[in-house]
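Asker: This is input_8.pdb (PDB, C-alpha atoms and all ligand atoms).
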```
MODEL        1
ATOM      1  CA  MET X   1     -24.352 185.084 175.011
ATOM      2  CA  SER X   2     -21.431 185.009 177.435
ATOM      3  CA  TYR X   3     -18.123 183.270 176.895
ATOM      4  CA  GLU X   4     -15.311 182.022 179.124
ATOM      5  CA  THR X   5     -12.258 183.450 177.344
ATOM      6  CA  ILE X   6     -13.570 186.212 175.096
ATOM      7  CA  ARG X   7     -16.049 189.039 175.350
ATOM      8  CA  PHE X   8     -18.417 189.777 172.512
ATOM      9  CA  VAL X   9     -20.576 192.861 172.174
ATOM     10  CA  SER X  10     -22.443 194.311 169.234
ATOM     11  CA  ALA X  11     -24.059 197.657 168.613
ATOM     12  CA  GLU X  12     -25.314 199.365 165.482
ATOM     13  CA  ALA X  13     -24.202 196.586 163.154
ATOM     14  CA  VAL X  14     -20.627 196.486 164.526
ATOM     15  CA  GLY X  15     -19.468 193.496 166.574
ATOM     16  CA  THR X  16     -16.398 193.496 168.829
ATOM     17  CA  ILE X  17     -14.588 190.373 169.959
ATOM     18  CA  THR X  18     -12.165 190.974 172.837
ATOM     19  CA  LEU X  19      -9.702 188.213 173.664
ATOM     20  CA  ASP X  20      -9.911 188.136 177.418
ATOM     21  CA  ARG X  21      -7.034 186.345 179.128
ATOM     22  CA  PRO X  22      -4.945 189.427 179.907
ATOM     23  CA  ASP X  23      -2.659 187.710 182.446
ATOM     24  CA  GLN X  24      -1.439 185.364 179.701
ATOM     25  CA  LEU X  25      -1.345 188.130 177.082
ATOM     26  CA  ASN X  26      -4.492 186.550 175.625
ATOM     27  CA  ALA X  27      -2.686 183.352 174.664
ATOM     28  CA  LEU X  28      -4.925 181.057 172.639
ATOM     29  CA  THR X  29      -6.498 177.973 174.172
ATOM     30  CA  ARG X  30      -8.745 175.484 172.459
ATOM     31  CA  ILE X  31     -11.689 176.968 174.328
ATOM     32  CA  MET X  32     -10.786 180.447 173.131
ATOM     33  CA  LEU X  33     -10.359 179.332 169.520
ATOM     34  CA  GLY X  34     -13.708 177.539 169.750
ATOM     35  CA  GLU X  35     -15.373 180.650 171.105
ATOM     36  CA  ILE X  36     -13.869 182.923 168.439
ATOM     37  CA  GLY X  37     -14.962 180.388 165.821
ATOM     38  CA  GLU X  38     -18.488 180.370 167.190
ATOM     39  CA  VAL X  39     -18.813 184.161 166.943
ATOM     40  CA  LEU X  40     -17.388 184.138 163.415
ATOM     41  CA  GLU X  41     -19.769 181.417 162.366
ATOM     42  CA  LYS X  42     -22.761 183.290 163.750
ATOM     43  CA  THR X  43     -21.579 186.488 162.055
ATOM     44  CA  GLY X  44     -21.315 184.602 158.760
ATOM     45  CA  ARG X  45     -24.797 183.131 159.034
ATOM     46  CA  GLY X  46     -26.918 186.075 157.920
ATOM     47  CA  SER X  47     -26.530 188.160 161.092
ATOM     48  CA  SER X  48     -27.221 191.877 161.014
ATOM     49  CA  LEU X  49     -23.534 192.683 161.646
ATOM     50  CA  ARG X  50     -21.788 194.673 158.911
ATOM     51  CA  ALA X  51     -18.275 194.966 160.426
ATOM     52  CA  LEU X  52     -16.280 193.221 163.114
ATOM     53  CA  ILE X  53     -13.418 194.288 165.391
ATOM     54  CA  LEU X  54     -11.006 191.820 167.002
ATOM     55  CA  THR X  55      -8.890 193.125 169.878
ATOM     56  CA  GLY X  56      -7.230 192.043 173.115
ATOM     57  CA  SER X  57      -7.727 193.012 176.751
ATOM     58  CA  GLY X  58      -4.848 194.267 178.875
ATOM     59  CA  ARG X  59      -1.412 195.039 177.499
ATOM     60  CA  GLY X  60      -1.219 192.326 174.821
ATOM     61  CA  PHE X  61      -3.172 191.506 171.680
ATOM     62  CA  CYS X  62      -2.406 187.775 171.619
ATOM     63  CA  ALA X  63       0.716 185.735 172.508
ATOM     64  CA  GLY X  64      -0.180 182.794 170.239
ATOM     65  CA  GLN X  65      -0.784 179.301 171.507
ATOM     66  CA  ASP X  66      -0.985 179.044 175.304
ATOM     67  CA  LEU X  67       2.197 177.121 175.965
ATOM     68  CA  ALA X  68       0.915 176.049 179.377
ATOM     69  CA  GLU X  69      -2.241 174.465 178.032
ATOM     70  CA  PRO X  70      -2.442 170.783 178.925
ATOM     71  CA  GLY X  71      -1.531 168.652 175.916
ATOM     72  CA  VAL X  72       0.825 171.158 174.311
ATOM     73  CA  MET X  73       3.901 170.012 176.163
ATOM     74  CA  ASP X  74       3.039 166.313 176.463
ATOM     75  CA  ALA X  75       5.991 164.422 175.082
ATOM     76  CA  GLY X  76       3.891 161.332 174.237
ATOM     77  CA  ASN X  77       1.897 162.027 171.105
ATOM     78  CA  ARG X  78       2.982 165.645 170.682
ATOM     79  CA  SER X  79       3.067 165.707 166.893
ATOM     80  CA  GLU X  80      -0.366 164.124 166.625
ATOM     81  CA  ALA X  81      -1.705 166.556 169.213
ATOM     82  CA  ILE X  82      -0.359 169.553 167.307
ATOM     83  CA  THR X  83      -1.772 168.356 163.994
ATOM     84  CA  TRP X  84      -5.117 167.793 165.672
ATOM     85  CA  SER X  85      -4.983 171.161 167.408
ATOM     86  CA  LEU X  86      -4.144 172.995 164.177
ATOM     87  CA  THR X  87      -6.730 171.338 161.997
ATOM     88  CA  ARG X  88      -9.463 171.199 164.621
ATOM     89  CA  PHE X  89      -9.049 174.620 166.264
ATOM     90  CA  TYR X  90      -6.752 176.984 164.350
ATOM     91  CA  HIS X  91      -7.662 176.298 160.739
ATOM     92  CA  PRO X  92     -11.419 176.854 161.134
ATOM     93  CA  VAL X  93     -10.784 180.261 162.712
ATOM     94  CA  ILE X  94      -8.351 181.382 160.004
ATOM     95  CA  ARG X  95     -10.627 180.006 157.260
ATOM     96  CA  ARG X  96     -13.691 181.720 158.683
ATOM     97  CA  LEU X  97     -11.856 185.028 159.076
ATOM     98  CA  LYS X  98     -10.733 184.865 155.458
ATOM     99  CA  GLN X  99     -14.148 183.824 154.157
ATOM    100  CA  LEU X 100     -16.316 186.081 156.268
ATOM    101  CA  ASP X 101     -18.512 188.400 154.183
ATOM    102  CA  VAL X 102     -18.176 191.325 156.569
ATOM    103  CA  PRO X 103     -14.881 193.197 156.907
ATOM    104  CA  VAL X 104     -12.843 192.406 160.010
ATOM    105  CA  ILE X 105     -10.499 194.866 161.710
ATOM    106  CA  ALA X 106      -7.755 193.605 164.021
ATOM    107  CA  ALA X 107      -7.205 196.365 166.582
ATOM    108  CA  VAL X 108      -3.765 195.295 167.790
ATOM    109  CA  ASN X 109      -3.390 196.863 171.221
ATOM    110  CA  GLY X 110      -0.049 195.279 172.180
ATOM    111  CA  VAL X 111       2.242 192.391 171.392
ATOM    112  CA  ALA X 112       1.009 189.946 168.732
ATOM    113  CA  ALA X 113       3.213 186.855 168.778
ATOM    114  CA  GLY X 114       3.191 183.477 167.030
ATOM    115  CA  ALA X 115      -0.292 182.484 165.952
ATOM    116  CA  GLY X 116      -1.453 185.752 167.554
ATOM    117  CA  ALA X 117       0.415 187.728 164.886
ATOM    118  CA  ASN X 118      -0.999 185.578 162.118
ATOM    119  CA  LEU X 119      -4.494 185.819 163.554
ATOM    120  CA  ALA X 120      -4.226 189.588 163.145
ATOM    121  CA  LEU X 121      -2.856 189.235 159.606
ATOM    122  CA  ALA X 122      -5.852 187.086 158.633
ATOM    123  CA  CYS X 123      -8.101 190.119 159.175
ATOM    124  CA  ASP X 124      -8.977 192.603 156.420
ATOM    125  CA  PHE X 125      -7.474 195.559 158.257
ATOM    126  CA  VAL X 126      -4.758 195.581 160.888
ATOM    127  CA  LEU X 127      -4.838 198.768 162.897
ATOM    128  CA  ALA X 128      -2.105 198.763 165.513
ATOM    129  CA  ALA X 129      -1.273 200.851 168.549
ATOM    130  CA  ARG X 130       2.128 202.519 168.131
ATOM    131  CA  GLY X 131       3.405 200.502 171.115
ATOM    132  CA  ALA X 132       2.385 197.171 169.569
ATOM    133  CA  LYS X 133       4.812 194.743 167.997
ATOM    134  CA  PHE X 134       4.558 191.671 165.820
ATOM    135  CA  ILE X 135       6.707 188.620 166.449
ATOM    136  CA  GLN X 136       6.874 185.477 164.340
ATOM    137  CA  ALA X 137       7.919 183.800 167.580
ATOM    138  CA  PHE X 138       7.679 180.184 166.380
ATOM    139  CA  ARG X 139      11.400 179.718 165.736
ATOM    140  CA  HIS X 140      12.194 180.594 169.367
ATOM    141  CA  ILE X 141      10.392 177.435 170.465
ATOM    142  CA  GLY X 142      11.497 175.294 167.529
ATOM    143  CA  LEU X 143       8.246 175.469 165.567
ATOM    144  CA  VAL X 144       7.236 176.464 162.051
ATOM    145  CA  PRO X 145       5.064 179.556 161.489
ATOM    146  CA  ASP X 146       1.444 178.455 161.132
ATOM    147  CA  SER X 147      -2.059 179.917 161.009
ATOM    148  CA  GLY X 148      -1.471 181.039 157.428
ATOM    149  CA  GLY X 149       1.572 183.189 158.191
ATOM    150  CA  THR X 150       3.771 181.660 155.495
ATOM    151  CA  HIS X 151       1.014 182.329 152.963
ATOM    152  CA  VAL X 152       0.079 185.865 153.846
ATOM    153  CA  LEU X 153       3.335 187.433 155.005
ATOM    154  CA  PRO X 154       5.454 187.096 151.809
ATOM    155  CA  ARG X 155       2.511 188.478 149.832
ATOM    156  CA  LEU X 156       2.233 191.484 152.114
ATOM    157  CA  ILE X 157       5.885 192.405 152.585
ATOM    158  CA  GLY X 158       7.835 190.316 150.066
ATOM    159  CA  GLU X 159       9.997 187.223 150.466
ATOM    160  CA  ALA X 160      13.106 188.856 151.893
ATOM    161  CA  ARG X 161      11.322 190.587 154.747
ATOM    162  CA  ALA X 162       9.120 187.570 155.472
ATOM    163  CA  ARG X 163      12.217 185.368 155.685
ATOM    164  CA  ARG X 164      13.851 187.863 158.014
ATOM    165  CA  LEU X 165      10.870 187.930 160.388
ATOM    166  CA  MET X 166      10.266 184.187 160.313
ATOM    167  CA  LEU X 167      13.817 182.872 160.346
ATOM    168  CA  LEU X 168      15.137 185.352 162.911
ATOM    169  CA  GLY X 169      11.972 185.841 164.970
ATOM    170  CA  GLU X 170      12.770 189.523 165.467
ATOM    171  CA  PRO X 171      10.029 191.736 166.902
ATOM    172  CA  LEU X 172       8.679 194.229 164.361
ATOM    173  CA  ALA X 173       7.459 197.567 165.695
ATOM    174  CA  ALA X 174       4.024 198.713 164.548
ATOM    175  CA  GLU X 175       5.496 201.774 162.840
ATOM    176  CA  THR X 176       7.827 199.617 160.739
ATOM    177  CA  ALA X 177       4.978 197.215 160.000
ATOM    178  CA  GLU X 178       3.056 200.175 158.611
ATOM    179  CA  ALA X 179       6.042 201.435 156.625
ATOM    180  CA  TRP X 180       6.499 197.941 155.117
ATOM    181  CA  GLY X 181       2.835 197.727 154.087
ATOM    182  CA  MET X 182       2.233 194.810 156.447
ATOM    183  CA  ILE X 183      -0.591 196.545 158.277
ATOM    184  CA  TYR X 184      -3.169 199.171 157.411
ATOM    185  CA  ARG X 185      -2.068 201.849 159.848
ATOM    186  CA  CYS X 186      -0.563 202.528 163.245
ATOM    187  CA  VAL X 187      -2.037 205.085 165.612
ATOM    188  CA  ASP X 188      -1.263 206.500 169.037
ATOM    189  CA  ASP X 189      -2.013 203.911 171.721
ATOM    190  CA  GLN X 190      -4.783 205.916 173.354
ATOM    191  CA  ASP X 191      -6.553 206.422 170.010
ATOM    192  CA  LEU X 192      -6.628 202.776 168.962
ATOM    193  CA  MET X 193     -10.177 201.811 169.855
ATOM    194  CA  ALA X 194     -11.715 205.107 168.727
ATOM    195  CA  GLU X 195      -9.932 204.741 165.375
ATOM    196  CA  ALA X 196     -10.976 201.098 165.076
ATOM    197  CA  GLU X 197     -14.578 202.007 165.820
ATOM    198  CA  ALA X 198     -14.522 204.860 163.303
ATOM    199  CA  LEU X 199     -13.172 202.534 160.631
ATOM    200  CA  ALA X 200     -15.755 199.890 161.544
ATOM    201  CA  ARG X 201     -18.501 202.533 161.297
ATOM    202  CA  GLN X 202     -17.290 203.571 157.855
ATOM    203  CA  LEU X 203     -17.316 199.937 156.714
ATOM    204  CA  ALA X 204     -20.657 199.129 158.338
ATOM    205  CA  ASP X 205     -22.261 202.100 156.592
ATOM    206  CA  GLY X 206     -20.930 200.863 153.249
ATOM    207  CA  PRO X 207     -22.537 198.686 150.551
ATOM    208  CA  THR X 208     -22.149 195.471 152.565
ATOM    209  CA  ARG X 209     -22.925 193.087 149.683
ATOM    210  CA  ALA X 210     -20.516 194.844 147.329
ATOM    211  CA  LEU X 211     -17.803 194.771 150.017
ATOM    212  CA  ALA X 212     -18.340 191.040 150.511
ATOM    213  CA  LEU X 213     -18.094 190.499 146.749
ATOM    214  CA  THR X 214     -14.929 192.619 146.656
ATOM    215  CA  LYS X 215     -13.431 190.361 149.342
ATOM    216  CA  LYS X 216     -14.329 187.341 147.187
ATOM    217  CA  ALA X 217     -12.632 188.888 144.145
ATOM    218  CA  LEU X 218      -9.477 189.640 146.120
ATOM    219  CA  ALA X 219      -9.452 186.136 147.600
ATOM    220  CA  ALA X 220      -9.620 184.614 144.116
ATOM    221  CA  SER X 221      -6.864 186.761 142.623
ATOM    222  CA  PRO X 222      -3.656 185.037 143.897
ATOM    223  CA  THR X 223      -4.438 181.818 142.025
ATOM    224  CA  ASN X 224      -5.945 183.385 138.864
ATOM    225  CA  ASP X 225      -4.367 184.855 135.751
ATOM    226  CA  LEU X 226      -5.788 188.113 134.404
ATOM    227  CA  LEU X 227      -8.300 186.475 132.061
ATOM    228  CA  ALA X 228      -9.683 184.225 134.779
ATOM    229  CA  GLN X 229      -9.878 187.156 137.170
ATOM    230  CA  LEU X 230     -11.786 189.246 134.600
ATOM    231  CA  GLU X 231     -14.384 186.460 134.548
ATOM    232  CA  VAL X 232     -14.550 186.424 138.349
ATOM    233  CA  GLU X 233     -15.068 190.193 138.402
ATOM    234  CA  ALA X 234     -17.813 190.014 135.767
ATOM    235  CA  LYS X 235     -19.664 187.315 137.698
ATOM    236  CA  LEU X 236     -19.419 189.191 140.996
ATOM    237  CA  GLN X 237     -20.389 192.466 139.328
ATOM    238  CA  ARG X 238     -23.615 190.837 138.119
ATOM    239  CA  GLU X 239     -24.375 190.033 141.751
ATOM    240  CA  ALA X 240     -23.572 193.579 142.862
ATOM    241  CA  LEU X 241     -25.850 194.963 140.148
ATOM    242  CA  ALA X 242     -28.726 193.001 141.684
ATOM    243  CA  THR X 243     -28.455 194.796 145.049
ATOM    244  CA  ASN X 244     -30.548 197.690 146.338
ATOM    245  CA  ASP X 245     -27.325 199.386 147.374
ATOM    246  CA  TRP X 246     -26.295 199.719 143.725
ATOM    247  CA  LEU X 247     -29.618 201.405 142.921
ATOM    248  CA  GLU X 248     -29.218 203.664 145.951
ATOM    249  CA  GLY X 249     -25.602 204.459 145.011
ATOM    250  CA  LEU X 250     -26.605 205.426 141.497
ATOM    251  CA  GLU X 251     -29.559 207.506 142.661
ATOM    252  CA  ALA X 252     -27.423 209.268 145.260
ATOM    253  CA  PHE X 253     -24.822 210.076 142.601
ATOM    254  CA  ARG X 254     -27.484 211.565 140.318
ATOM    255  CA  GLU X 255     -29.002 213.569 143.173
ATOM    256  CA  LYS X 256     -25.542 214.730 144.318
ATOM    257  CA  ARG X 257     -26.001 213.466 147.893
ATOM    258  CA  PRO X 258     -24.197 210.856 149.992
ATOM    259  CA  ALA X 259     -25.552 207.340 149.459
ATOM    260  CA  LYS X 260     -27.414 205.717 152.315
ATOM    261  CA  PHE X 261     -26.577 202.054 151.978
ATOM    262  CA  GLU X 262     -28.730 199.486 153.781
ATOM    263  CA  GLY X 263     -26.463 196.526 153.093
ATOM    264  CA  GLN X 264     -29.093 194.852 150.874
TER     265      GLN X 264
HETATM  266  O1  LIG X 301      -0.427 173.222 169.877
HETATM  267  C1  LIG X 301      -0.469 173.804 168.800
HETATM  268  O2  LIG X 301      -1.533 173.878 168.193
HETATM  269  C2  LIG X 301       0.729 174.490 168.234
HETATM  270  C3  LIG X 301       0.424 175.836 167.731
HETATM  271  C4  LIG X 301       1.328 176.811 167.827
HETATM  272  C5  LIG X 301       0.991 178.188 167.459
HETATM  273  C6  LIG X 301       1.839 179.197 168.192
HETATM  274  O3  LIG X 301       1.337 180.277 168.406
HETATM  275  S1  LIG X 301       3.414 178.830 168.660
HETATM  276  C7  LIG X 301       3.970 180.353 169.395
HETATM  277  C8  LIG X 301       3.523 180.472 170.825
HETATM  278  N1  LIG X 301       3.839 181.783 171.373
HETATM  279  C9  LIG X 301       5.064 182.136 171.765
HETATM  280  O4  LIG X 301       6.017 181.418 171.610
HETATM  281  C10 LIG X 301       5.189 183.467 172.440
HETATM  282  C11 LIG X 301       5.548 183.274 173.898
HETATM  283  N2  LIG X 301       5.589 184.525 174.606
HETATM  284  C12 LIG X 301       6.602 185.401 174.488
HETATM  285  O5  LIG X 301       7.540 185.194 173.763
HETATM  286  C13 LIG X 301       6.518 186.634 175.328
HETATM  287  O6  LIG X 301       5.613 186.431 176.372
HETATM  288  C14 LIG X 301       6.047 187.882 174.508
HETATM  289  C15 LIG X 301       7.159 188.287 173.540
HETATM  290  C16 LIG X 301       4.771 187.588 173.736
HETATM  291  C17 LIG X 301       5.762 189.049 175.485
HETATM  292  O7  LIG X 301       6.887 189.227 176.320
HETATM  293  P1  LIG X 301       6.744 190.145 177.640
HETATM  294  O8  LIG X 301       8.100 190.222 178.230
HETATM  295  O9  LIG X 301       6.050 191.401 177.276
HETATM  296  O10 LIG X 301       5.732 189.357 178.612
HETATM  297  P2  LIG X 301       6.039 188.046 179.453
HETATM  298  O11 LIG X 301       6.513 188.435 180.816
HETATM  299  O12 LIG X 301       6.852 187.085 178.690
HETATM  300  O13 LIG X 301       4.559 187.395 179.557
HETATM  301  C18 LIG X 301       3.598 187.912 180.469
HETATM  302  C19 LIG X 301       2.839 186.743 181.018
HETATM  303  O14 LIG X 301       2.151 186.089 179.943
HETATM  304  C20 LIG X 301       3.768 185.693 181.628
HETATM  305  O15 LIG X 301       3.064 185.093 182.691
HETATM  306  P3  LIG X 301       3.550 185.366 184.233
HETATM  307  O16 LIG X 301       4.991 185.013 184.312
HETATM  308  O17 LIG X 301       3.299 186.847 184.432
HETATM  309  O18 LIG X 301       2.650 184.498 185.039
HETATM  310  C21 LIG X 301       3.920 184.692 180.524
HETATM  311  O19 LIG X 301       4.217 183.398 180.962
HETATM  312  C22 LIG X 301       2.529 184.720 179.903
HETATM  313  N3  LIG X 301       2.583 184.288 178.502
HETATM  314  C23 LIG X 301       3.104 184.940 177.460
HETATM  315  N4  LIG X 301       2.994 184.229 176.354
HETATM  316  C24 LIG X 301       2.378 183.092 176.699
HETATM  317  C25 LIG X 301       2.116 183.117 178.075
HETATM  318  N5  LIG X 301       1.512 182.111 178.699
HETATM  319  C26 LIG X 301       1.182 181.036 177.972
HETATM  320  N6  LIG X 301       1.397 180.940 176.633
HETATM  321  C27 LIG X 301       1.990 181.931 175.965
HETATM  322  N7  LIG X 301       2.148 181.842 174.634
ENDMDL
END
```
Reformat the file's structure so that it appears as structure tokens.
Answerer:
Amino acid sequence: MSYETIRFVSAEAVGTITLDRPDQLNALTRIMLGEIGEVLEKTGRGSSLRALILTGSGRGFCAGQDLAEPGVMDAGNRSEAITWSLTRFYHPVIRRLKQLDVPVIAAVNGVAAGAGANLALACDFVLAARGAKFIQAFRHIGLVPDSGGTHVLPRLIGEARARRLMLLGEPLAAETAEAWGMIYRCVDDQDLMAEAEALARQLADGPTRALALTKKALAASPTNDLLAQLEVEAKLQREALATNDWLEGLEAFREKRPAKFEGQ
């Protein structure tokens, strides 16, 4: 399947989505959001993929909404257009990323600004090139952070730092993002894709069902108290105990060998 604004390849259970508008630093258009959404939906619908990488082509990861896209700057029904654009195009992508069973790695190869930064933060792992930076750029154009940024960022780095990034719109270097616990890790620029692929391999070789259930447990935790979360864990553990990977994991432990998980 070929796309207009992204590239998608898959091999050995790992899929890679590359945002592919390098001249605009991979700024998001409705077509691009639709195409990302389509790949995520297919990945969620029982595909053989067991890990996903999201990256950008050229020197940027993603510069957020394409500010030159027709409709964005129309004075007429601007507020209606933005509401429509968010609910119709942005929210499905963020929701699908958060709800996807398979782990997603954002391989942030360069600047991630506005909704581009929050797209990365919606992934399970953010691996960034040392030269990358994150900018909650919305305030520079008089907008409010969206795409889930106000939800995820304070939880990752605390209120004070989230306020600083969102109210001042300062760029945050990848190394600082790592030091603050905002991202998984930062690596030398030239190593980014090899590191992302190695991480994806590790995840794809894992107990895919148990990893999906772990994601569900983590997603439920912010709104649960401990007792409710214990119930969630018990329910999900029953599901994990019904997988072949659990049997394989146990057998491998007894035989003192590495487990060979099939994702079933
Ligand atoms: O409608 C709705 O649904 C609303 C939703 C909003 C969600 C949002 O994401 S709002 C935030 C939108 N994004 C921004 O405000 C970021 C705008 N870009 C920048 O601030 C800077 O470009 C960067 C800090 C990201 C990078 O700066 P720099 O100096 O490395 O690159 P540059 O020279 O500014 O950009 C390179 C090219 O990309 C340039 O094109 P040119 O002059 O070479 O032809 C520039 O215009 C283009 N570009 C960068 N960002 C965007 C863009 N084109 C369209 N839309 C962009 N967002």
Asker: Quick check on the file I pasted: which residues fall under the PyMOL selection byres (((not hetatm)) within 9 of (chain X and resi 301))? Write them as a PyMOL selection string.
Answerer: chain X and resi 22-30+59-60+62-69+71-73+78-79+81-87+89-90+110-118+133-147+171
Asker: Next, write the just-selected residues to a file, as a CSV table (one decimal), keeping the file's coordinate frame, keeping C-alpha atoms as the atom set.
Answerer:
```
chain,number,residue,atom,x,y,z
X,22,PRO,CA,-4.9,189.4,179.9
X,23,ASP,CA,-2.7,187.7,182.4
X,24,GLN,CA,-1.4,185.4,179.7
X,25,LEU,CA,-1.3,188.1,177.1
X,26,ASN,CA,-4.5,186.6,175.6
X,27,ALA,CA,-2.7,183.4,174.7
X,28,LEU,CA,-4.9,181.1,172.6
X,29,THR,CA,-6.5,178.0,174.2
X,30,ARG,CA,-8.7,175.5,172.5
X,59,ARG,CA,-1.4,195.0,177.5
X,60,GLY,CA,-1.2,192.3,174.8
X,62,CYS,CA,-2.4,187.8,171.6
X,63,ALA,CA,0.7,185.7,172.5
X,64,GLY,CA,-0.2,182.8,170.2
X,65,GLN,CA,-0.8,179.3,171.5
X,66,ASP,CA,-1.0,179.0,175.3
X,67,LEU,CA,2.2,177.1,176.0
X,68,ALA,CA,0.9,176.0,179.4
X,69,GLU,CA,-2.2,174.5,178.0
X,71,GLY,CA,-1.5,168.7,175.9
X,72,VAL,CA,0.8,171.2,174.3
X,73,MET,CA,3.9,170.0,176.2
X,78,ARG,CA,3.0,165.6,170.7
X,79,SER,CA,3.1,165.7,166.9
X,81,ALA,CA,-1.7,166.6,169.2
X,82,ILE,CA,-0.4,169.6,167.3
X,83,THR,CA,-1.8,168.4,164.0
X,84,TRP,CA,-5.1,167.8,165.7
X,85,SER,CA,-5.0,171.2,167.4
X,86,LEU,CA,-4.1,173.0,164.2
X,87,THR,CA,-6.7,171.3,162.0
X,89,PHE,CA,-9.0,174.6,166.3
X,90,TYR,CA,-6.8,177.0,164.4
X,110,GLY,CA,0.0,195.3,172.2
X,111,VAL,CA,2.2,192.4,171.4
X,112,ALA,CA,1.0,189.9,168.7
X,113,ALA,CA,3.2,186.9,168.8
X,114,GLY,CA,3.2,183.5,167.0
X,115,ALA,CA,-0.3,182.5,166.0
X,116,GLY,CA,-1.5,185.8,167.6
X,117,ALA,CA,0.4,187.7,164.9
X,118,ASN,CA,-1.0,185.6,162.1
X,133,LYS,CA,4.8,194.7,168.0
X,134,PHE,CA,4.6,191.7,165.8
X,135,ILE,CA,6.7,188.6,166.4
X,136,GLN,CA,6.9,185.5,164.3
X,137,ALA,CA,7.9,183.8,167.6
X,138,PHE,CA,7.7,180.2,166.4
X,139,ARG,CA,11.4,179.7,165.7
X,140,HIS,CA,12.2,180.6,169.4
X,141,ILE,CA,10.4,177.4,170.5
X,142,GLY,CA,11.5,175.3,167.5
X,143,LEU,CA,8.2,175.5,165.6
X,144,VAL,CA,7.2,176.5,162.1
X,145,PRO,CA,5.1,179.6,161.5
X,146,ASP,CA,1.4,178.5,161.1
X,147,SER,CA,-2.1,179.9,161.0
X,171,PRO,CA,10.0,191.7,166.9
```
Asker: Evaluate the PyMOL selection byres (((chain X and resi 104) around 7) and not hetatm) on the structure here and hand back the selected residues as a PDB file with C-alpha atoms, in the frame of the given file.
Answerer:
```pdb
ATOM      1  CA  ALA X  51     -18.275 194.966 160.426  1.00  0.00           C
ATOM      2  CA  LEU X  52     -16.280 193.221 163.114  1.00  0.00           C
ATOM      3  CA  ILE X  53     -13.418 194.288 165.391  1.00  0.00           C
ATOM      4  CA  VAL X 102     -18.176 191.325 156.569  1.00  0.00           C
ATOM      5  CA  PRO X 103     -14.881 193.197 156.907  1.00  0.00           C
ATOM      6  CA  ILE X 105     -10.499 194.866 161.710  1.00  0.00           C
ATOM      7  CA  ALA X 106      -7.755 193.605 164.021  1.00  0.00           C
ATOM      8  CA  CYS X 123      -8.101 190.119 159.175  1.00  0.00           C
ATOM      9  CA  ASP X 124      -8.977 192.603 156.420  1.00  0.00           C
ATOM     10  CA  PHE X 125      -7.474 195.559 158.257  1.00  0.00           C
TER      11      PHE X 125
END
```
Asker: Would you pick out the contacts of stretch 232-234 of chain X at 10 Å or less, using all atoms listed in the file, so that residues sharing its chain but fewer than 4 positions from it are not included, and give the list as an MDAnalysis selection string?
Answerer: chainID X and resid 213:214 216:218 220:221 224 226:228 238:240
Asker: Just the residues within 9 Å of X:Arg7, please, counting all atoms listed in the file, with nothing from its chain fewer than 3 positions along; format it as a ChimeraX atom specification.
Answerer: /X:2-4,16-20
Asker: Where does the PyMOL selection byres (((chain X and resi 101) around 10) and not hetatm) land in this file, that is, which residues does it pick, as a PyMOL selection string?
Answerer: chain X and resi 43-46+49-51+96-100+102-104+208-216
Asker: List as a tab-separated table (two decimals) with C-alpha atoms, in the coordinates of the input the protein and nucleic acid residues near X:Arg163, meaning an atom at most 12 Å away when only C-alpha atoms are counted, but skip any in the same chain fewer than 4 places from it.
Answerer:
```tsv
chain	number	residue	atom	x	y	z
X	136	GLN	CA	6.87	185.48	164.34
X	139	ARG	CA	11.40	179.72	165.74
X	145	PRO	CA	5.06	179.56	161.49
X	149	GLY	CA	1.57	183.19	158.19
X	150	THR	CA	3.77	181.66	155.50
X	151	HIS	CA	1.01	182.33	152.96
X	153	LEU	CA	3.34	187.43	155.00
X	154	PRO	CA	5.45	187.10	151.81
X	155	ARG	CA	2.51	188.48	149.83
X	157	ILE	CA	5.88	192.40	152.58
X	158	GLY	CA	7.84	190.32	150.07
X	159	GLU	CA	10.00	187.22	150.47
X	167	LEU	CA	13.82	182.87	160.35
X	168	LEU	CA	15.14	185.35	162.91
X	169	GLY	CA	11.97	185.84	164.97
X	170	GLU	CA	12.77	189.52	165.47
```
Asker: List as a short mmCIF file (atom, residue, chain, number, x, y, z; two decimals) with C-alpha atoms, keeping the file's coordinate frame the residues having at least one atom at most 10 Å from position (-22.5, 199.3, 168.8) as given in the file, counting only C-alpha atoms.
Answerer:
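Output contents, as saved in out-v5.cif:
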```cif
data_model
loop_
_atom_site.label_atom_id
_atom_site.label_comp_id
_atom_site.auth_asym_id
_atom_site.auth_seq_id
_atom_site.Cartn_x
_atom_site.Cartn_y
_atom_site.Cartn_z
CA VAL X 9 -20.58 192.86 172.17
CA SER X 10 -22.44 194.31 169.23
CA ALA X 11 -24.06 197.66 168.61
CA GLU X 12 -25.31 199.36 165.48
CA ALA X 13 -24.20 196.59 163.15
CA VAL X 14 -20.63 196.49 164.53
CA GLY X 15 -19.47 193.50 166.57
CA THR X 16 -16.40 193.50 168.83
CA LEU X 49 -23.53 192.68 161.65
CA GLU X 197 -14.58 202.01 165.82
CA ALA X 200 -15.76 199.89 161.54
CA ARG X 201 -18.50 202.53 161.30
#
```
Asker: Distance atom CA of X:Leu121-atom CA of X:Gly206, one decimal place?
Answerer: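 Atom CA of X:Gly206 lies at a distance of 22.4 Å from atom CA of X:Leu121.
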Asker: By how many Å are atom CA of X:Asp188 and atom CA of X:Ile36 apart?
Answerer: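 Between these atoms lies a distance of 26.7 Å.
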Asker: Could you check how far atom CA of X:Asn244 sits from atom CA of X:Arg257, in Å to one decimal?
Answerer: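 Between atom CA of X:Asn244 and atom CA of X:Arg257 the gap is 16.5 Å.
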Asker: Calculated over only C-alpha atoms, which of the candidates X:Thr55, X:Gln264, X:Thr5, X:Ser47 has the smallest distance to X:Ile31?
Answerer: X:Thr5
